[in-house]
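What follows is protein33.csv (CSV, C-alpha atoms).
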chain,number,residue,atom,x,y,z
A,285,LYS,CA,61.8,152.0,166.0
A,286,ARG,CA,61.9,148.2,166.1
A,287,ARG,CA,61.5,146.5,169.4
A,288,SER,CA,63.8,143.7,170.5
A,289,PHE,CA,61.1,141.1,170.8
A,290,GLU,CA,60.2,141.6,167.1
A,291,MET,CA,63.6,140.3,166.0
A,292,THR,CA,64.6,136.7,166.0
A,293,ALA,CA,68.2,135.5,165.3
A,294,PHE,CA,69.0,132.1,164.0
A,295,ARG,CA,72.4,130.4,164.1
A,296,LEU,CA,72.9,128.0,161.2
A,297,LEU,CA,75.6,125.3,161.3
A,298,GLY,CA,76.5,122.9,158.4
A,299,GLU,CA,79.2,120.4,157.5
A,300,CYS,CA,80.4,119.2,154.2
A,301,PHE,CA,83.3,117.4,152.6
A,302,GLU,CA,84.9,117.3,149.2
A,303,GLN,CA,85.9,114.1,147.5
A,304,ASP,CA,89.2,114.1,145.6
A,305,VAL,CA,88.0,111.2,143.3
A,306,THR,CA,84.5,111.0,142.0
A,307,LEU,CA,82.5,108.7,139.7
A,308,GLU,CA,80.9,110.2,136.5
A,309,GLY,CA,78.3,108.9,134.1
A,310,LEU,CA,76.3,106.8,136.5
A,311,ASP,CA,72.7,106.9,137.8
A,312,MET,CA,72.4,108.5,141.2
A,313,SER,CA,70.0,107.2,143.9
A,314,GLU,CA,69.4,109.2,147.1
A,315,SER,CA,69.2,105.9,149.1
A,316,LYS,CA,71.9,103.9,147.3
A,317,GLY,CA,74.3,106.4,145.8
A,318,ASP,CA,76.0,105.6,142.5
A,319,GLU,CA,74.3,102.8,140.6
A,320,LEU,CA,75.2,100.8,137.4
A,321,GLN,CA,72.2,99.2,135.7
A,322,PHE,CA,72.7,96.2,133.3
A,323,GLY,CA,69.0,95.4,133.0
A,324,ASP,CA,67.9,92.2,131.4
A,325,VAL,CA,70.7,90.1,129.8
A,326,VAL,CA,70.4,86.8,127.9
A,327,ILE,CA,72.4,83.9,129.4
A,328,GLY,CA,75.9,83.7,127.8
A,329,LYS,CA,75.7,87.2,126.3
A,330,THR,CA,78.2,89.8,127.5
A,331,VAL,CA,77.0,93.3,128.2
A,332,VAL,CA,79.5,96.2,128.9
A,333,LYS,CA,78.8,99.4,130.7
A,334,THR,CA,81.3,102.3,131.1
A,335,PHE,CA,81.8,105.2,133.5
A,336,LYS,CA,84.7,107.5,134.5
A,337,MET,CA,86.7,108.1,137.6
A,338,ALA,CA,87.9,111.7,137.9
A,339,ASN,CA,90.6,113.1,140.1
A,340,THR,CA,89.8,116.7,140.9
A,341,SER,CA,92.7,117.2,143.4
A,342,SER,CA,96.4,118.4,143.0
A,343,LEU,CA,97.8,115.0,144.0
A,344,ALA,CA,98.1,111.6,142.3
A,345,HIS,CA,95.7,108.9,143.6
A,346,ARG,CA,95.7,105.1,143.4
A,347,PHE,CA,92.3,103.3,143.2
A,348,GLU,CA,91.5,99.6,143.7
A,349,TRP,CA,88.1,98.0,143.3
A,350,LYS,CA,88.0,95.3,146.0
A,351,GLU,CA,88.2,91.9,144.3
A,352,ASP,CA,86.2,90.2,147.1
A,353,ASP,CA,83.2,92.5,146.5
A,354,ILE,CA,83.0,91.7,142.8
A,355,PRO,CA,80.7,88.8,141.9
A,356,GLY,CA,82.1,86.3,139.4
A,357,GLN,CA,79.7,87.5,136.6
A,358,PHE,CA,81.2,91.0,136.7
A,359,LYS,CA,84.7,92.1,135.5
A,360,PHE,CA,86.2,95.6,136.1
A,361,ILE,CA,88.7,96.8,133.4
A,362,PRO,CA,90.9,98.3,134.9
A,363,ARG,CA,90.4,97.2,138.5
A,364,ILE,CA,93.5,98.9,139.8
A,365,GLY,CA,95.1,102.1,138.5
A,366,HIS,CA,96.5,105.5,139.1
A,367,LEU,CA,94.8,108.9,138.5
A,368,GLN,CA,97.0,111.9,138.0
A,369,PRO,CA,95.9,115.4,139.1
A,370,GLN,CA,92.9,116.7,137.1
A,371,GLU,CA,92.8,113.4,135.2
A,372,SER,CA,89.9,111.0,134.4
A,373,LYS,CA,90.0,107.4,133.4
A,374,GLU,CA,87.3,105.3,131.8
A,375,ILE,CA,86.3,102.1,133.6
A,376,ARG,CA,84.6,99.3,131.7
A,377,VAL,CA,82.4,96.8,133.6
A,378,SER,CA,81.3,93.7,131.8
A,379,PHE,CA,78.5,91.3,132.9
A,380,MET,CA,78.1,87.7,131.7
A,381,SER,CA,76.3,84.8,133.4
A,382,GLU,CA,76.1,81.2,132.3
A,383,GLU,CA,73.1,80.5,134.4
A,384,THR,CA,69.9,82.2,135.5
A,385,SER,CA,70.7,84.8,138.1
A,386,LYS,CA,69.3,87.9,139.6
A,387,LEU,CA,71.8,90.3,141.2
A,388,GLU,CA,70.3,93.2,143.0
A,389,ASP,CA,72.1,95.8,145.1
A,390,GLN,CA,75.5,94.3,144.5
A,391,LYS,CA,77.8,96.7,146.4
A,392,VAL,CA,81.4,97.0,145.3
A,393,SER,CA,83.8,99.3,147.2
A,394,CYS,CA,86.8,101.1,145.9
A,395,THR,CA,89.8,102.2,148.1
A,396,ILE,CA,91.4,105.5,147.2
A,397,LYS,CA,94.9,106.5,148.4
A,398,LYS,CA,96.8,109.7,147.8
A,399,ILE,CA,100.3,108.8,146.5
A,400,LYS,CA,103.6,110.2,145.3
A,401,TYR,CA,106.1,108.5,143.1
A,402,VAL,CA,109.5,107.5,144.4
A,403,GLU,CA,112.6,105.6,143.3
A,404,GLU,CA,113.6,102.2,144.9
A,405,ASP,CA,116.3,103.9,147.1
A,406,ALA,CA,113.9,106.6,148.2
A,407,LYS,CA,111.5,103.9,149.5
A,408,ASP,CA,114.3,102.8,151.8
A,409,GLY,CA,114.2,106.2,153.5
A,410,GLU,CA,117.7,107.4,152.4
A,411,GLU,CA,117.4,111.2,152.3
A,412,GLU,CA,120.5,111.8,150.1
A,413,LYS,CA,119.4,109.2,147.6
A,414,GLN,CA,115.9,110.7,147.5
A,415,ASN,CA,117.3,114.1,146.6
A,416,GLU,CA,119.6,112.8,144.0
A,417,ASN,CA,116.9,110.8,142.4
A,418,LYS,CA,114.2,113.5,142.5
A,419,GLU,CA,114.6,114.3,138.8
A,420,GLY,CA,114.6,110.6,137.9
A,421,ALA,CA,111.5,110.0,140.0
A,422,ALA,CA,109.7,112.8,138.1
A,423,GLU,CA,110.8,111.3,134.8
A,424,SER,CA,109.6,107.9,135.9
A,425,ALA,CA,106.3,109.3,136.9
A,426,LYS,CA,105.8,110.9,133.5
A,427,LYS,CA,106.3,107.6,131.8
A,428,THR,CA,103.8,105.8,134.0
A,429,VAL,CA,101.1,108.5,134.6
A,430,ASN,CA,98.4,106.4,133.0
A,431,TRP,CA,99.4,103.1,134.6
A,432,ASP,CA,96.7,100.5,135.4
A,433,ASP,CA,96.5,96.8,135.7
A,434,THR,CA,95.7,96.3,132.0
A,435,MET,CA,99.3,97.2,131.1
A,436,GLU,CA,102.2,94.8,130.8
A,437,ALA,CA,104.5,97.2,132.8
A,438,ASP,CA,104.8,96.8,136.5
A,439,GLU,CA,103.1,99.3,138.8
A,440,PRO,CA,105.4,102.3,139.4
A,441,ASN,CA,106.9,102.7,142.9
A,442,PHE,CA,104.9,105.0,145.1
A,443,GLU,CA,104.3,105.8,148.8
A,444,GLU,CA,101.1,106.8,150.4
A,445,VAL,CA,100.7,110.5,151.3
A,446,GLU,CA,99.4,111.1,154.8
A,447,ASP,CA,96.3,113.4,154.8
A,448,GLU,CA,97.0,116.8,156.4
A,449,ASN,CA,93.8,116.4,158.3
A,450,LYS,CA,94.6,113.3,160.4
A,451,ASP,CA,91.1,113.1,161.8
A,452,ALA,CA,89.5,112.9,158.3
A,453,GLU,CA,88.8,109.4,157.0
A,454,ASN,CA,88.9,108.7,153.3
A,455,PRO,CA,85.3,107.5,152.6
A,456,GLY,CA,86.4,105.7,149.4
A,457,LEU,CA,83.8,105.0,146.7
A,458,ASP,CA,80.9,102.6,146.5
A,459,LEU,CA,79.1,101.4,143.4
A,460,VAL,CA,75.8,99.5,143.5
A,461,MET,CA,75.2,97.2,140.5
A,462,HIS,CA,72.0,95.5,139.2
A,463,ALA,CA,71.6,92.7,136.6
A,464,VAL,CA,69.2,89.9,135.6
A,465,ALA,CA,70.3,87.0,133.4
A,466,ASP,CA,67.9,84.4,131.9
A,467,ASN,CA,66.8,82.8,128.6
A,468,SER,CA,63.4,83.7,127.1
A,469,ARG,CA,60.7,81.2,127.9
A,470,TYR,CA,57.0,81.5,127.0
A,471,GLU,CA,53.8,79.6,127.4
A,472,LEU,CA,50.6,79.6,125.3
A,473,ASP,CA,47.2,78.9,127.0
A,474,GLU,CA,45.1,75.8,126.4
A,475,THR,CA,42.9,77.6,123.9
A,476,ILE,CA,45.5,77.2,121.2
A,477,THR,CA,47.6,74.3,122.5
A,478,LYS,CA,44.6,72.0,122.3
A,479,MET,CA,44.4,72.9,118.6
A,480,GLN,CA,48.1,71.9,118.3
A,481,ASN,CA,48.9,75.6,117.6
A,482,ARG,CA,46.7,75.5,114.4
A,483,ILE,CA,43.9,78.0,113.9
A,484,THR,CA,41.1,77.3,111.4
A,485,PHE,CA,38.6,80.0,110.7
A,486,ALA,CA,35.1,79.2,109.5
A,487,PRO,CA,34.0,80.6,106.0
A,488,THR,CA,33.7,84.3,106.3
A,489,MET,CA,31.8,86.8,104.2
A,490,MET,CA,33.6,89.6,102.3
A,491,PHE,CA,34.3,92.6,104.4
A,492,GLN,CA,33.4,90.7,107.6
A,493,LYS,CA,35.9,89.5,110.2
A,494,ARG,CA,36.4,86.7,112.8
A,495,THR,CA,38.7,87.0,115.7
A,496,PHE,CA,40.6,84.4,117.6
A,497,ARG,CA,42.1,85.3,121.0
A,498,PHE,CA,44.7,83.5,123.1
A,499,THR,CA,47.2,84.4,125.9
A,500,LEU,CA,50.9,84.4,125.6
A,501,LYS,CA,52.8,84.3,128.9
A,502,ASN,CA,56.5,85.2,129.5
A,503,LYS,CA,57.8,82.7,132.0
A,504,SER,CA,61.3,84.0,132.2
A,505,THR,CA,62.7,86.6,134.6
A,506,ILE,CA,63.7,89.0,131.8
A,507,SER,CA,61.7,90.8,129.1
A,508,MET,CA,60.9,88.7,126.0
A,509,PRO,CA,61.1,90.4,122.6
A,510,PHE,CA,58.9,88.7,120.0
A,511,SER,CA,57.9,89.1,116.4
A,512,TRP,CA,55.2,87.2,114.4
A,513,ARG,CA,56.1,86.0,110.9
A,514,PHE,CA,53.9,85.0,108.1
A,515,GLY,CA,53.9,81.4,106.6
A,516,GLU,CA,56.9,80.0,104.9
A,517,THR,CA,58.2,83.3,103.6
A,518,GLY,CA,59.3,84.5,107.1
A,519,ASP,CA,58.2,88.0,106.3
A,520,GLU,CA,57.6,90.0,109.4
A,521,PHE,CA,54.2,91.6,109.9
A,522,LYS,CA,53.9,95.3,109.4
A,523,PRO,CA,53.6,97.9,110.7
A,524,GLU,CA,56.4,97.5,113.3
A,525,SER,CA,54.6,99.8,115.7
A,526,PHE,CA,52.4,97.6,117.9
A,527,VAL,CA,50.4,97.3,121.1
A,528,PHE,CA,50.9,95.0,123.9
A,529,SER,CA,48.7,96.1,126.7
A,530,ASP,CA,45.4,95.1,128.3
A,531,GLU,CA,42.9,93.9,125.6
A,532,SER,CA,40.6,96.9,126.4
A,533,ASN,CA,43.4,99.3,125.5
A,534,MET,CA,44.6,97.8,122.3
A,535,ASP,CA,44.9,100.4,119.6
A,536,ASP,CA,46.9,100.1,116.4
A,537,GLY,CA,50.1,102.2,116.4
A,538,GLU,CA,50.6,102.2,120.1
A,539,GLU,CA,53.7,100.8,121.6
A,540,GLY,CA,53.9,98.6,124.7
A,541,SER,CA,56.0,96.0,126.5
A,542,MET,CA,55.8,92.6,128.1
A,543,ASN,CA,57.4,92.4,131.5
A,544,ALA,CA,59.0,89.3,133.0
A,545,ALA,CA,56.5,86.6,133.9
A,546,GLU,CA,53.6,88.6,132.7
A,547,PRO,CA,50.7,87.2,130.7
A,548,LYS,CA,49.0,89.2,128.0
A,549,SER,CA,46.0,88.6,125.8
A,550,LEU,CA,46.7,88.6,122.0
A,551,THR,CA,44.1,89.2,119.3
A,552,LEU,CA,45.3,86.9,116.5
A,553,TRP,CA,44.3,86.5,112.8
A,554,GLU,CA,41.8,89.2,112.3
A,555,ILE,CA,40.1,88.3,108.9
A,556,ARG,CA,39.5,91.5,106.9
A,557,GLY,CA,38.6,89.9,103.5
A,558,VAL,CA,39.6,92.8,101.5
A,559,LYS,CA,42.2,91.2,99.1
A,560,VAL,CA,43.1,87.7,98.1
A,561,ASP,CA,46.8,88.1,99.2
A,562,ASP,CA,47.1,86.2,102.4
A,563,SER,CA,49.7,88.6,103.9
A,564,LYS,CA,47.1,91.3,103.6
A,565,THR,CA,44.0,89.3,104.5
A,566,PHE,CA,45.3,88.3,107.9
A,567,LYS,CA,46.4,90.6,110.7
A,568,ILE,CA,48.1,90.0,114.1
A,569,THR,CA,47.6,92.5,116.9
A,570,PRO,CA,50.2,93.1,118.2
A,571,SER,CA,52.5,92.2,115.4
A,572,ASN,CA,55.7,92.3,117.6
A,573,GLY,CA,56.8,93.5,121.0
A,574,VAL,CA,58.9,93.0,124.0
As structure tokens - that is how I would like this structure written.
Amino acid sequence: KRRSFEMTAFRLLGECFEQDVTLEGLDMSESKGDELQFGDVVIGKTVVKTFKMANTSSLAHRFEWKEDDIPGQFKFIPRIGHLQPQESKEIRVSFMSEETSKLEDQKVSCTIKKIKYVEEDAKDGEEEKQNENKEGAAESAKKTVNWDDTMEADEPNFEEVEDENKDAENPGLDLVMHAVADNSRYELDETITKMQNRITFAPTMMFQKRTFRFTLKNKSTISMPFSWRFGETGDEFKPESFVFSDESNMDDGEEGSMNAAEPKSLTLWEIRGVKVDDSKTFKITPSNGV
């Protein structure tokens, strides 16, 4: 027989809510919520990202991304639109900057309203007219179910539907965006600039090698792709797999990257002396990278 002091009862309480409209196809952060990452973008280049807005309720909804929240480098297409029950709509967000800029944690809010479609007379509150035009309103809604501000047609007439739970506030939707725009800029150390970017190796015995090292620094705020090419032919060095890491970790065939404003040491022109063909006599490590 169990004794009462051997039993402990817990009372658990919880609270949750369901959003009628959600965002799909975005990164999710516990601290910031839905995020849209544009990454590194070259000045003057347009980058487009897409996501979807989904209406999981049984009523039509109107959405509007607040224009005042959107920085001038971004554009939402569409910015205003309607979502029918169980419908989703693709949103295209483009980013283009004409100057160096770093946009972090740019928060854009979207207002969400439950709506129903009405005719002009119904909006004036005339009960009889509303009943007579009920079928016409339904037909009008069918023609404009996918309306958004990219269409030439005017926005269909609607009125906001009051939430049954008057105490509940529509939280709306928030999107946090990140983007960095710049042009690639690099700097070579004095080891090679003093030589006017020319490297002359001393006579080297067959099957021996000489190594020249210098530092390449990315001075921009974005990553910098690069690729060495040989002589006047412009042929790119092979293999395309490369290393761009600390000198002590350089191994052929390993991939790496060069972050913004990060200097790295390059081993250049390793003389192998195996064949006469210059393109096979010289070797650059790494041959290319970012």
Best match for closeness to Phe322 (chain A) among A:Arg346, A:His462, A:Lys398, A:Lys373, counting all atoms listed in the file: A:His462
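Across A:Ser393, A:Thr484, A:Asn430, A:Asn543, the tightest approach to Leu500 (chain A) is made by A:Asn543 when counting only C-alpha atoms.
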Counting all atoms listed in the file, the option among A:Leu297, A:Ala465, A:Leu459, A:Val305 closest to Ile396 (chain A): A:Val305
Pairwise distance for CA of Gly573 (chain A) and CA of Lys501 (chain A), rounded to one decimal in Å: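 According to the coordinates, CA of Gly573 (chain A) and CA of Lys501 (chain A) are separated by 12.8 Å.
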